[in-house]
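Student: You'll find entry16.pdb just under this line, and it carries PDB, C-alpha atoms, pLDDT in the B column.
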MODEL        1
ATOM      1  CA  MET Y   4      -3.830 -15.110 -66.089  1.00 81.00           C
ATOM      2  CA  THR Y   5      -2.952 -17.961 -63.732  1.00 88.00           C
ATOM      3  CA  ALA Y   6      -0.894 -15.596 -61.617  1.00 88.00           C
ATOM      4  CA  VAL Y   7      -3.880 -13.233 -61.228  1.00 88.00           C
ATOM      5  CA  ILE Y   8      -6.160 -16.097 -60.157  1.00 91.00           C
ATOM      6  CA  ALA Y   9      -3.555 -17.401 -57.688  1.00 90.00           C
ATOM      7  CA  SER Y  10      -3.146 -13.883 -56.319  1.00 90.00           C
ATOM      8  CA  GLN Y  11      -6.933 -13.499 -55.896  1.00 92.00           C
ATOM      9  CA  VAL Y  12      -7.213 -16.898 -54.144  1.00 92.00           C
ATOM     10  CA  GLY Y  13      -4.290 -16.019 -51.850  1.00 92.00           C
ATOM     11  CA  LEU Y  14      -5.898 -12.668 -51.049  1.00 92.00           C
ATOM     12  CA  LEU Y  15      -9.239 -14.356 -50.279  1.00 93.00           C
ATOM     13  CA  LEU Y  16      -7.554 -16.923 -47.997  1.00 94.00           C
ATOM     14  CA  GLY Y  17      -5.614 -14.152 -46.231  1.00 93.00           C
ATOM     15  CA  LEU Y  18      -8.827 -12.175 -45.749  1.00 93.00           C
ATOM     16  CA  LEU Y  19     -10.597 -15.223 -44.288  1.00 93.00           C
ATOM     17  CA  ALA Y  20      -7.654 -15.882 -41.935  1.00 94.00           C
ATOM     18  CA  LEU Y  21      -7.676 -12.246 -40.807  1.00 94.00           C
ATOM     19  CA  GLY Y  22     -11.428 -12.437 -40.126  1.00 93.00           C
ATOM     20  CA  PHE Y  23     -10.935 -15.652 -38.131  1.00 93.00           C
ATOM     21  CA  VAL Y  24      -8.166 -14.086 -36.029  1.00 92.00           C
ATOM     22  CA  THR Y  25     -10.294 -10.977 -35.406  1.00 93.00           C
ATOM     23  CA  LEU Y  26     -13.257 -13.060 -34.221  1.00 90.00           C
ATOM     24  CA  SER Y  27     -10.979 -15.150 -31.993  1.00 90.00           C
ATOM     25  CA  LEU Y  28      -9.509 -12.039 -30.378  1.00 89.00           C
ATOM     26  CA  ALA Y  29     -12.970 -10.536 -29.855  1.00 87.00           C
ATOM     27  CA  ARG Y  30     -14.067 -13.748 -28.138  1.00 87.00           C
ATOM     28  CA  GLN Y  31     -10.982 -13.734 -25.883  1.00 86.00           C
ATOM     29  CA  ILE Y  32     -11.611 -10.119 -24.889  1.00 84.00           C
ATOM     30  CA  GLY Y  33     -15.166 -11.045 -23.948  1.00 77.00           C
ATOM     31  CA  VAL Y  34     -13.987 -14.011 -21.887  1.00 73.00           C
ATOM     32  CA  LEU Y  35     -11.394 -11.891 -20.091  1.00 73.00           C
ATOM     33  CA  HIS Y  36     -13.994  -9.224 -19.400  1.00 66.00           C
ATOM     34  CA  GLU Y  37     -16.305 -11.806 -17.826  1.00 66.00           C
ATOM     35  CA  ARG Y  38     -13.507 -13.233 -15.695  1.00 62.00           C
ATOM     36  CA  THR Y  39     -12.295  -9.897 -14.372  1.00 60.00           C
ATOM     37  CA  ALA Y  40     -15.719  -8.354 -13.724  1.00 54.00           C
ATOM     38  CA  PRO Y  41     -16.019  -9.854 -10.217  1.00 53.00           C
ATOM     39  CA  VAL Y  42     -12.687  -8.321  -9.161  1.00 50.00           C
ATOM     40  CA  GLY Y  43     -14.303  -4.900  -8.759  1.00 52.00           C
ATOM     41  CA  GLY Y  44     -16.913  -6.390  -6.462  1.00 54.00           C
ATOM     42  CA  LEU Y  45     -14.299  -8.297  -4.492  1.00 52.00           C
ATOM     43  CA  LEU Y  46     -12.227  -5.150  -4.082  1.00 54.00           C
ATOM     44  CA  GLN Y  47     -15.256  -3.271  -2.755  1.00 58.00           C
ATOM     45  CA  LYS Y  48     -15.934  -6.144  -0.350  1.00 58.00           C
ATOM     46  CA  ALA Y  49     -12.290  -6.078   0.820  1.00 56.00           C
ATOM     47  CA  ARG Y  50     -12.535  -2.319   1.426  1.00 56.00           C
ATOM     48  CA  ARG Y  51     -15.698  -2.805   3.499  1.00 59.00           C
ATOM     49  CA  GLU Y  52     -13.950  -5.539   5.482  1.00 58.00           C
ATOM     50  CA  ALA Y  53     -10.939  -3.256   5.993  1.00 53.00           C
ATOM     51  CA  ALA Y  54     -13.234  -0.641   7.486  1.00 55.00           C
ATOM     52  CA  LYS Y  55     -14.251  -3.240  10.102  1.00 62.00           C
ATOM     53  CA  VAL Y  56     -10.733  -3.587  11.521  1.00 66.00           C
ATOM     54  CA  ASP Y  57     -10.779  -1.656  14.745  1.00 78.00           C
ATOM     55  CA  ARG Y  58      -7.844  -3.031  16.747  1.00 84.00           C
ATOM     56  CA  ILE Y  59      -4.311  -4.384  16.309  1.00 87.00           C
ATOM     57  CA  ASP Y  60      -2.781  -6.466  19.092  1.00 86.00           C
ATOM     58  CA  LEU Y  61       0.374  -4.468  19.832  1.00 85.00           C
ATOM     59  CA  ASP Y  62       1.863  -7.279  21.930  1.00 86.00           C
ATOM     60  CA  ALA Y  63       1.288 -10.057  19.385  1.00 87.00           C
ATOM     61  CA  MET Y  64       2.341  -8.063  16.298  1.00 88.00           C
ATOM     62  CA  GLN Y  65       6.051  -8.750  15.751  1.00 87.00           C
ATOM     63  CA  VAL Y  66       8.102  -6.214  13.766  1.00 85.00           C
ATOM     64  CA  ALA Y  67      11.728  -5.769  12.718  1.00 82.00           C
ATOM     65  CA  THR Y  68      13.316  -2.329  12.370  1.00 82.00           C
ATOM     66  CA  ALA Y  69      16.044  -1.348   9.947  1.00 80.00           C
ATOM     67  CA  ALA Y  70      18.249  -0.712  13.024  1.00 81.00           C
ATOM     68  CA  GLY Y  71      18.082  -4.403  13.965  1.00 81.00           C
ATOM     69  CA  PHE Y  72      15.388  -4.436  16.667  1.00 84.00           C
ATOM     70  CA  ALA Y  73      12.972  -7.368  16.472  1.00 85.00           C
ATOM     71  CA  GLY Y  74      10.050  -7.582  18.853  1.00 87.00           C
ATOM     72  CA  PRO Y  75       6.471  -6.526  19.536  1.00 89.00           C
ATOM     73  CA  LEU Y  76       5.028  -3.327  18.087  1.00 86.00           C
ATOM     74  CA  ARG Y  77       4.223  -2.169  21.642  1.00 87.00           C
ATOM     75  CA  ALA Y  78       7.966  -1.715  22.267  1.00 87.00           C
ATOM     76  CA  LEU Y  79       8.067   0.936  19.526  1.00 82.00           C
ATOM     77  CA  SER Y  80       4.972   2.712  20.815  1.00 79.00           C
ATOM     78  CA  ALA Y  81       6.336   2.853  24.400  1.00 78.00           C
ATOM     79  CA  GLY Y  82       2.802   2.877  25.806  1.00 80.00           C
ATOM     80  CA  ARG Y  83       1.747   5.893  23.729  1.00 83.00           C
ATOM     81  CA  PRO Y  84      -0.489   6.313  20.683  1.00 85.00           C
ATOM     82  CA  ILE Y  85       1.374   5.420  17.502  1.00 85.00           C
ATOM     83  CA  ALA Y  86       1.212   6.518  13.870  1.00 84.00           C
ATOM     84  CA  LEU Y  87       2.067   3.947  11.196  1.00 87.00           C
ATOM     85  CA  LEU Y  88       2.952   5.248   7.750  1.00 86.00           C
ATOM     86  CA  PHE Y  89       2.733   2.422   5.192  1.00 85.00           C
ATOM     87  CA  VAL Y  90       4.970   3.010   2.167  1.00 83.00           C
ATOM     88  CA  ASN Y  91       6.472   1.239  -0.817  1.00 79.00           C
ATOM     89  CA  ASP Y  92       9.995   2.077  -1.969  1.00 72.00           C
ATOM     90  CA  GLU Y  93       8.822   2.256  -5.602  1.00 76.00           C
ATOM     91  CA  CYS Y  94       5.930   4.656  -4.892  1.00 77.00           C
ATOM     92  CA  ALA Y  95       6.535   8.237  -6.100  1.00 79.00           C
ATOM     93  CA  VAL Y  96       4.014   9.738  -3.642  1.00 80.00           C
ATOM     94  CA  CYS Y  97       5.675   7.793  -0.804  1.00 78.00           C
ATOM     95  CA  LYS Y  98       9.050   9.282  -1.718  1.00 77.00           C
ATOM     96  CA  SER Y  99       7.526  12.773  -1.725  1.00 79.00           C
ATOM     97  CA  LEU Y 100       6.387  12.161   1.877  1.00 78.00           C
ATOM     98  CA  LEU Y 101       9.893  11.464   3.196  1.00 75.00           C
ATOM     99  CA  PRO Y 102      10.821  15.093   4.012  1.00 75.00           C
ATOM    100  CA  GLY Y 103       7.436  15.565   5.706  1.00 73.00           C
ATOM    101  CA  TYR Y 104       7.938  12.328   7.622  1.00 73.00           C
ATOM    102  CA  GLU Y 105      11.265  13.510   9.028  1.00 70.00           C
ATOM    103  CA  ALA Y 106       9.782  16.934   9.861  1.00 73.00           C
ATOM    104  CA  ALA Y 107       6.885  15.241  11.673  1.00 71.00           C
ATOM    105  CA  LEU Y 108       9.365  13.130  13.673  1.00 66.00           C
ATOM    106  CA  HIS Y 109      11.215  16.265  14.796  1.00 69.00           C
ATOM    107  CA  GLY Y 110       8.093  18.383  15.283  1.00 71.00           C
ATOM    108  CA  HIS Y 111       6.116  15.813  17.288  1.00 67.00           C
ATOM    109  CA  PRO Y 112       8.558  13.708  19.311  1.00 67.00           C
ATOM    110  CA  ALA Y 113       5.807  12.541  21.701  1.00 65.00           C
ATOM    111  CA  LEU Y 114       4.029  10.665  18.912  1.00 70.00           C
ATOM    112  CA  PRO Y 115       5.912   7.591  17.727  1.00 73.00           C
ATOM    113  CA  LEU Y 116       5.719   7.774  13.926  1.00 72.00           C
ATOM    114  CA  VAL Y 117       6.830   4.524  12.337  1.00 79.00           C
ATOM    115  CA  MET Y 118       7.339   4.028   8.611  1.00 76.00           C
ATOM    116  CA  VAL Y 119       6.253   0.526   7.564  1.00 82.00           C
ATOM    117  CA  GLY Y 120       7.414  -1.206   4.400  1.00 78.00           C
ATOM    118  CA  GLY Y 121       6.965  -4.762   3.237  1.00 69.00           C
ATOM    119  CA  ALA Y 122      10.579  -5.174   2.101  1.00 61.00           C
ATOM    120  CA  ALA Y 123      13.095  -7.513   3.675  1.00 61.00           C
ATOM    121  CA  SER Y 124      15.065  -5.957   6.525  1.00 55.00           C
ATOM    122  CA  ARG Y 125      18.290  -5.630   4.473  1.00 63.00           C
ATOM    123  CA  ALA Y 126      16.461  -3.839   1.640  1.00 70.00           C
ATOM    124  CA  LEU Y 127      14.614  -1.697   4.167  1.00 66.00           C
ATOM    125  CA  ALA Y 128      17.869  -0.677   5.853  1.00 69.00           C
ATOM    126  CA  GLY Y 129      19.186   0.388   2.440  1.00 74.00           C
ATOM    127  CA  PHE Y 130      15.998   2.373   1.797  1.00 72.00           C
ATOM    128  CA  ALA Y 131      16.327   4.125   5.168  1.00 72.00           C
ATOM    129  CA  HIS Y 132      20.001   4.868   4.570  1.00 76.00           C
ATOM    130  CA  ARG Y 133      19.439   6.198   1.007  1.00 78.00           C
ATOM    131  CA  HIS Y 134      16.783   8.625   2.220  1.00 73.00           C
ATOM    132  CA  GLY Y 135      18.435   9.631   5.505  1.00 75.00           C
ATOM    133  CA  LEU Y 136      15.696   8.146   7.702  1.00 75.00           C
ATOM    134  CA  ARG Y 137      16.052   7.086  11.320  1.00 76.00           C
ATOM    135  CA  GLU Y 138      16.540   3.330  11.095  1.00 78.00           C
ATOM    136  CA  GLU Y 139      14.873   2.725  14.463  1.00 79.00           C
ATOM    137  CA  ARG Y 140      11.644   4.232  13.028  1.00 79.00           C
ATOM    138  CA  VAL Y 141      11.599   2.155   9.817  1.00 83.00           C
ATOM    139  CA  VAL Y 142       9.886  -1.234  10.091  1.00 85.00           C
ATOM    140  CA  ALA Y 143       9.699  -4.208   7.741  1.00 81.00           C
ATOM    141  CA  SER Y 144       6.395  -6.006   8.272  1.00 81.00           C
ATOM    142  CA  ALA Y 145       4.037  -7.213   5.585  1.00 81.00           C
ATOM    143  CA  GLU Y 146       2.026  -8.845   8.391  1.00 85.00           C
ATOM    144  CA  LEU Y 147       1.351  -5.437   9.935  1.00 85.00           C
ATOM    145  CA  ALA Y 148      -0.014  -4.177   6.612  1.00 84.00           C
ATOM    146  CA  VAL Y 149      -2.296  -7.221   6.445  1.00 84.00           C
ATOM    147  CA  ALA Y 150      -3.421  -6.766  10.072  1.00 85.00           C
ATOM    148  CA  ALA Y 151      -4.202  -3.089   9.443  1.00 85.00           C
ATOM    149  CA  GLN Y 152      -5.752  -4.102   6.107  1.00 84.00           C
ATOM    150  CA  VAL Y 153      -3.850  -1.450   4.207  1.00 84.00           C
ATOM    151  CA  MET Y 154      -4.723  -1.777   0.505  1.00 82.00           C
ATOM    152  CA  GLN Y 155      -2.641   1.046  -1.006  1.00 82.00           C
ATOM    153  CA  THR Y 156       0.411   3.087  -0.204  1.00 81.00           C
ATOM    154  CA  PRO Y 157       0.975   5.604   1.204  1.00 84.00           C
ATOM    155  CA  THR Y 158      -1.519   5.085   4.020  1.00 86.00           C
ATOM    156  CA  LEU Y 159      -1.356   6.523   7.533  1.00 87.00           C
ATOM    157  CA  VAL Y 160      -2.861   4.431  10.353  1.00 88.00           C
ATOM    158  CA  LEU Y 161      -3.282   6.015  13.782  1.00 86.00           C
ATOM    159  CA  LEU Y 162      -3.613   3.719  16.814  1.00 87.00           C
ATOM    160  CA  ASP Y 163      -4.203   4.537  20.482  1.00 85.00           C
ATOM    161  CA  ARG Y 164      -2.278   3.003  23.419  1.00 85.00           C
ATOM    162  CA  GLN Y 165      -4.267  -0.228  23.280  1.00 87.00           C
ATOM    163  CA  GLY Y 166      -4.034  -0.591  19.506  1.00 86.00           C
ATOM    164  CA  GLN Y 167      -7.537   0.757  18.789  1.00 87.00           C
ATOM    165  CA  LEU Y 168      -7.789   2.269  15.323  1.00 87.00           C
ATOM    166  CA  PHE Y 169      -8.357   6.036  15.366  1.00 81.00           C
ATOM    167  CA  GLU Y 170      -7.977   6.695  11.705  1.00 84.00           C
ATOM    168  CA  ARG Y 171      -6.820   5.153   8.421  1.00 87.00           C
ATOM    169  CA  VAL Y 172      -6.078   7.676   5.676  1.00 87.00           C
ATOM    170  CA  ARG Y 173      -4.805   7.184   2.133  1.00 87.00           C
ATOM    171  CA  LEU Y 174      -2.329  10.065   1.758  1.00 84.00           C
ATOM    172  CA  ARG Y 175      -2.052  12.276  -1.314  1.00 83.00           C
ATOM    173  CA  GLY Y 176       0.918  14.408  -0.322  1.00 79.00           C
ATOM    174  CA  PRO Y 177       3.245  15.783   2.366  1.00 79.00           C
ATOM    175  CA  ALA Y 178       0.914  18.606   3.425  1.00 80.00           C
ATOM    176  CA  GLN Y 179      -1.833  16.120   4.263  1.00 82.00           C
ATOM    177  CA  LEU Y 180       0.607  14.049   6.369  1.00 78.00           C
ATOM    178  CA  ALA Y 181       1.729  17.089   8.346  1.00 78.00           C
ATOM    179  CA  LYS Y 182      -1.878  18.236   8.885  1.00 81.00           C
ATOM    180  CA  ILE Y 183      -3.084  14.853  10.166  1.00 80.00           C
ATOM    181  CA  ILE Y 184      -0.087  14.410  12.483  1.00 78.00           C
ATOM    182  CA  ALA Y 185      -0.596  17.932  13.906  1.00 76.00           C
ATOM    183  CA  GLN Y 186      -4.333  17.318  14.444  1.00 78.00           C
ATOM    184  CA  HIS Y 187      -3.687  13.969  16.101  1.00 71.00           C
ATOM    185  CA  THR Y 188      -0.995  15.396  18.375  1.00 68.00           C
ATOM    186  CA  GLU Y 189      -3.270  18.268  19.463  1.00 64.00           C
ATOM    187  CA  ALA Y 190      -6.147  15.859  20.184  1.00 58.00           C
ATOM    188  CA  ALA Y 191      -3.933  13.532  22.257  1.00 56.00           C
TER     189      ALA Y 191
ENDMDL
END
Have the structure of the file written as structure tokens, please.
Tutor:
Amino acid sequence: MTAVIASQVGLLLGLLALGFVTLSLARQIGVLHERTAPVGGLLQKARREAAKVDRIDLDAMQVATAAGFAGPLRALSAGRPIALLFVNDECAVCKSLLPGYEAALHGHPALPLVMVGGAASRALAGFAHRHGLREERVVASAELAVAAQVMQTPTLVLLDRQGQLFERVRLRGPAQLAKIIAQHTEAA
């Protein structure tokens, strides 16, 4: 009989402990929800601010290519409009754009198309080499992504000769990249 009573008391204490843990977790979820709720609003505000960027100073913006060049972005544009393709080496959509990127380079040689990653120059050179990219057209510059206020990859940013923003497009695939590059080349 004593064993049954001890078992019942143990069961009751276990049930109370389980209820306490459940209430504590529910409270923590509520607190986390309250703390993260403003992030959505901040993200919307950041996107509105990004839409306000209308120019990048091509002379002041310093970049480093995978080929070893370090200098102003204007040197890569050579006084022409420039297309900046912002990528991340871990992004699956970015990797699917690589064949289209190379085709766009060959199909539109008058438009400097530069792939921009935030990686260190050694890692970027390895990325370019692994994927057979032209190292002189692959740039490491997190500062350029901040200046262009690129929030997600892959994103294509089109600038005119003076660094005025024509277009900023979040890409969904290689066909979209080819279409935008062709339209921009025809308009220029």
Student: Just to confirm, what's the straight-line distance from atom CA of Y:Cys94 to atom CA of Y:Gln155 in Å (one decimal)?
Tutor: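 We find that atom CA of Y:Cys94 and atom CA of Y:Gln155 lie 10.1 Å from each other.
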Student: Report as a compact mmCIF listing (two decimals) with C-alpha atoms, in the coordinates of the input the residues that result from applying the PyMOL selection byres ((chain Y and resi 168-175) around 7) to the structure here.
Tutor:
# COMPACT_ATOMS: atom_id res chain seq x y z
CA ASP Y 57 -10.78 -1.66 14.74
CA ARG Y 58 -7.84 -3.03 16.75
CA VAL Y 96 4.01 9.74 -3.64
CA PRO Y 157 0.98 5.60 1.20
CA THR Y 158 -1.52 5.08 4.02
CA LEU Y 159 -1.36 6.52 7.53
CA VAL Y 160 -2.86 4.43 10.35
CA LEU Y 161 -3.28 6.02 13.78
CA LEU Y 162 -3.61 3.72 16.81
CA ASP Y 163 -4.20 4.54 20.48
CA GLY Y 166 -4.03 -0.59 19.51
CA GLN Y 167 -7.54 0.76 18.79
CA GLY Y 176 0.92 14.41 -0.32
CA GLN Y 179 -1.83 16.12 4.26
CA LEU Y 180 0.61 14.05 6.37
Student: Pull the neighbourhood of (3.1, 3.2, 24.4) for me: all residues within 12 Å in file coordinates, counting only C-alpha atoms, as a list in words.
Tutor: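 In the file's frame, the residues around the point are Leu61, Asp62, Pro75, Leu76, Arg77, Ala78, Leu79, Ser80, Ala81, Gly82, Arg83, Pro84, Ile85, Ala86, Ala113, Leu114, Pro115, Leu116, Leu162, Asp163, Arg164, Gln165 and Gly166 of chain Y.
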Student: What is the distance between atom CA of Y:Ala67 and atom CA of Y:Glu105, in Å to one decimal?
Tutor: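 Distance between the two atoms: 19.6 Å.
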Student: To one decimal in Å, tell me the separation between atom CA of Y:Gly135 and atom CA of Y:Ala178.
Tutor: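 Rounded to one decimal, the two atoms are 19.8 Å apart.
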Student: I'd like the contact shell of Y:Pro102 - 10 Å cut-off, only C-alpha atoms, skipping same-chain residues fewer than 5 positions apart - returned as a PyMOL selection string.
Tutor: chain Y and resi 107-108+134-136+177
Student: Could you give me, as a ChimeraX atom specification, the residues within 6 Å of Y:Val90, counting only C-alpha atoms and dropping anything in the same chain fewer than 3 positions from it?
Tutor: /Y:97,120,156-157
Student: Quick one: of Y:Val119, Y:Leu14, Y:Ile59, Y:Leu100, who's nearest to Y:Ala151, counting only C-alpha atoms?
Tutor: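 Using only C-alpha atoms, Y:Ala151 sits closest to Y:Ile59.
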Student: When distances are computed from all atoms listed in the file, which of Y:Ala69, Y:Leu28, Y:Leu35, Y:Ala106 shows the smallest separation from Y:Ala126?
Tutor: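 When distances to Y:Ala126 are compared using all atoms listed in the file, the smallest one comes from Y:Ala69.
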Student: When distances are computed from only C-alpha atoms, which of Y:Ala6, Y:Val24, Y:Ala143, Y:Met118 shows the smallest separation from Y:Gly71?
Tutor: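 That would be Y:Ala143, the residue with the smallest distance to Y:Gly71.
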Student: May I ask which of the residues Y:Ile8, Y:Leu19, Y:Val153, Y:Ala131 is the closest one to Y:Ala70, counting all atoms listed in the file?
Tutor: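 Among the listed residues, Y:Ala131 lies closest to Y:Ala70.
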Student: Given the choices Y:Asn91, Y:Thr68, Y:Gln186, Y:Ser99, which gets closest to Y:Arg140 if the distance is worked out from only C-alpha atoms?
Tutor: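 Going through Y:Asn91, Y:Thr68, Y:Gln186, Y:Ser99 one by one, the smallest distance to Y:Arg140 is for Y:Thr68.
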Student: I'd like to know which of Y:Phe89, Y:Leu15, Y:Ala63, Y:Ala9 is closest to Y:Gln152, using all atoms listed in the file.
Tutor: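 Once distances to Y:Gln152 are computed over all atoms listed in the file, the minimum belongs to Y:Phe89.
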Student: What do you get, as a PyMOL selection string, if you spell out every residue that the PyMOL selection byres ((chain Y and resi 144) around 6) selects here?
Tutor: chain Y and resi 66+121+143+145-147
Student: Can I get stretch 77-98 of chain Y with N, CA, C and O atoms filled in, as a PDB file, in the frame of the given file?
Tutor:
ATOM      1  N   ARG Y  77       4.396  -2.967  20.420  1.00 87.00           N
ATOM      2  CA  ARG Y  77       4.223  -2.169  21.642  1.00 87.00           C
ATOM      3  C   ARG Y  77       5.552  -1.564  22.101  1.00 87.00           C
ATOM      4  O   ARG Y  77       5.590  -0.455  22.646  1.00 87.00           O
ATOM      5  N   ALA Y  78       6.658  -2.245  21.860  1.00 87.00           N
ATOM      6  CA  ALA Y  78       7.966  -1.715  22.267  1.00 87.00           C
ATOM      7  C   ALA Y  78       8.295  -0.419  21.515  1.00 87.00           C
ATOM      8  O   ALA Y  78       8.959   0.453  22.054  1.00 87.00           O
ATOM      9  N   LEU Y  79       7.831  -0.302  20.283  1.00 82.00           N
ATOM     10  CA  LEU Y  79       8.067   0.936  19.526  1.00 82.00           C
ATOM     11  C   LEU Y  79       7.127   2.048  19.954  1.00 82.00           C
ATOM     12  O   LEU Y  79       7.461   3.219  19.844  1.00 82.00           O
ATOM     13  N   SER Y  80       5.927   1.682  20.414  1.00 79.00           N
ATOM     14  CA  SER Y  80       4.972   2.712  20.815  1.00 79.00           C
ATOM     15  C   SER Y  80       5.265   3.242  22.212  1.00 79.00           C
ATOM     16  O   SER Y  80       4.858   4.346  22.553  1.00 79.00           O
ATOM     17  N   ALA Y  81       5.969   2.454  23.038  1.00 78.00           N
ATOM     18  CA  ALA Y  81       6.336   2.853  24.400  1.00 78.00           C
ATOM     19  C   ALA Y  81       5.114   3.286  25.214  1.00 78.00           C
ATOM     20  O   ALA Y  81       5.165   4.242  25.966  1.00 78.00           O
ATOM     21  N   GLY Y  82       4.000   2.588  25.034  1.00 80.00           N
ATOM     22  CA  GLY Y  82       2.802   2.877  25.806  1.00 80.00           C
ATOM     23  C   GLY Y  82       2.060   4.129  25.379  1.00 80.00           C
ATOM     24  O   GLY Y  82       1.209   4.623  26.104  1.00 80.00           O
ATOM     25  N   ARG Y  83       2.397   4.682  24.226  1.00 83.00           N
ATOM     26  CA  ARG Y  83       1.747   5.893  23.729  1.00 83.00           C
ATOM     27  C   ARG Y  83       0.981   5.576  22.454  1.00 83.00           C
ATOM     28  O   ARG Y  83       1.192   4.538  21.842  1.00 83.00           O
ATOM     29  N   PRO Y  84       0.114   6.490  22.008  1.00 85.00           N
ATOM     30  CA  PRO Y  84      -0.489   6.313  20.683  1.00 85.00           C
ATOM     31  C   PRO Y  84       0.619   6.253  19.632  1.00 85.00           C
ATOM     32  O   PRO Y  84       1.709   6.795  19.842  1.00 85.00           O
ATOM     33  N   ILE Y  85       0.347   5.604  18.524  1.00 85.00           N
ATOM     34  CA  ILE Y  85       1.374   5.420  17.502  1.00 85.00           C
ATOM     35  C   ILE Y  85       0.798   5.685  16.118  1.00 85.00           C
ATOM     36  O   ILE Y  85      -0.384   5.406  15.867  1.00 85.00           O
ATOM     37  N   ALA Y  86       1.601   6.264  15.260  1.00 84.00           N
ATOM     38  CA  ALA Y  86       1.212   6.518  13.870  1.00 84.00           C
ATOM     39  C   ALA Y  86       2.045   5.614  12.976  1.00 84.00           C
ATOM     40  O   ALA Y  86       3.276   5.607  13.070  1.00 84.00           O
ATOM     41  N   LEU Y  87       1.388   4.860  12.118  1.00 87.00           N
ATOM     42  CA  LEU Y  87       2.067   3.947  11.196  1.00 87.00           C
ATOM     43  C   LEU Y  87       1.890   4.474   9.780  1.00 87.00           C
ATOM     44  O   LEU Y  87       0.764   4.622   9.308  1.00 87.00           O
ATOM     45  N   LEU Y  88       2.985   4.759   9.124  1.00 86.00           N
ATOM     46  CA  LEU Y  88       2.952   5.248   7.750  1.00 86.00           C
ATOM     47  C   LEU Y  88       3.393   4.106   6.834  1.00 86.00           C
ATOM     48  O   LEU Y  88       4.559   3.714   6.844  1.00 86.00           O
ATOM     49  N   PHE Y  89       2.462   3.540   6.082  1.00 85.00           N
ATOM     50  CA  PHE Y  89       2.733   2.422   5.192  1.00 85.00           C
ATOM     51  C   PHE Y  89       3.185   2.954   3.840  1.00 85.00           C
ATOM     52  O   PHE Y  89       2.479   3.748   3.217  1.00 85.00           O
ATOM     53  N   VAL Y  90       4.381   2.529   3.412  1.00 83.00           N
ATOM     54  CA  VAL Y  90       4.970   3.010   2.167  1.00 83.00           C
ATOM     55  C   VAL Y  90       5.495   1.844   1.336  1.00 83.00           C
ATOM     56  O   VAL Y  90       5.605   0.726   1.810  1.00 83.00           O
ATOM     57  N   ASN Y  91       5.841   2.175   0.098  1.00 79.00           N
ATOM     58  CA  ASN Y  91       6.472   1.239  -0.817  1.00 79.00           C
ATOM     59  C   ASN Y  91       7.655   1.988  -1.421  1.00 79.00           C
ATOM     60  O   ASN Y  91       7.507   3.137  -1.840  1.00 79.00           O
ATOM     61  N   ASP Y  92       8.810   1.355  -1.492  1.00 72.00           N
ATOM     62  CA  ASP Y  92       9.995   2.077  -1.969  1.00 72.00           C
ATOM     63  C   ASP Y  92       9.940   2.427  -3.445  1.00 72.00           C
ATOM     64  O   ASP Y  92      10.748   3.204  -3.922  1.00 72.00           O
ATOM     65  N   GLU Y  93       8.965   1.913  -4.185  1.00 76.00           N
ATOM     66  CA  GLU Y  93       8.822   2.256  -5.602  1.00 76.00           C
ATOM     67  C   GLU Y  93       7.708   3.276  -5.854  1.00 76.00           C
ATOM     68  O   GLU Y  93       7.445   3.634  -6.984  1.00 76.00           O
ATOM     69  N   CYS Y  94       7.070   3.741  -4.795  1.00 77.00           N
ATOM     70  CA  CYS Y  94       5.930   4.656  -4.892  1.00 77.00           C
ATOM     71  C   CYS Y  94       6.424   6.110  -4.911  1.00 77.00           C
ATOM     72  O   CYS Y  94       7.090   6.558  -3.976  1.00 77.00           O
ATOM     73  N   ALA Y  95       6.087   6.846  -5.967  1.00 79.00           N
ATOM     74  CA  ALA Y  95       6.535   8.237  -6.100  1.00 79.00           C
ATOM     75  C   ALA Y  95       5.929   9.129  -5.015  1.00 79.00           C
ATOM     76  O   ALA Y  95       6.605  10.005  -4.474  1.00 79.00           O
ATOM     77  N   VAL Y  96       4.654   8.926  -4.685  1.00 80.00           N
ATOM     78  CA  VAL Y  96       4.014   9.738  -3.642  1.00 80.00           C
ATOM     79  C   VAL Y  96       4.671   9.442  -2.298  1.00 80.00           C
ATOM     80  O   VAL Y  96       4.900  10.347  -1.496  1.00 80.00           O
ATOM     81  N   CYS Y  97       5.004   8.159  -2.062  1.00 78.00           N
ATOM     82  CA  CYS Y  97       5.675   7.793  -0.804  1.00 78.00           C
ATOM     83  C   CYS Y  97       6.997   8.530  -0.666  1.00 78.00           C
ATOM     84  O   CYS Y  97       7.327   9.046   0.397  1.00 78.00           O
ATOM     85  N   LYS Y  98       7.758   8.596  -1.757  1.00 77.00           N
ATOM     86  CA  LYS Y  98       9.050   9.282  -1.718  1.00 77.00           C
ATOM     87  C   LYS Y  98       8.868  10.780  -1.463  1.00 77.00           C
ATOM     88  O   LYS Y  98       9.692  11.399  -0.801  1.00 77.00           O
TER      89      LYS Y  98
END
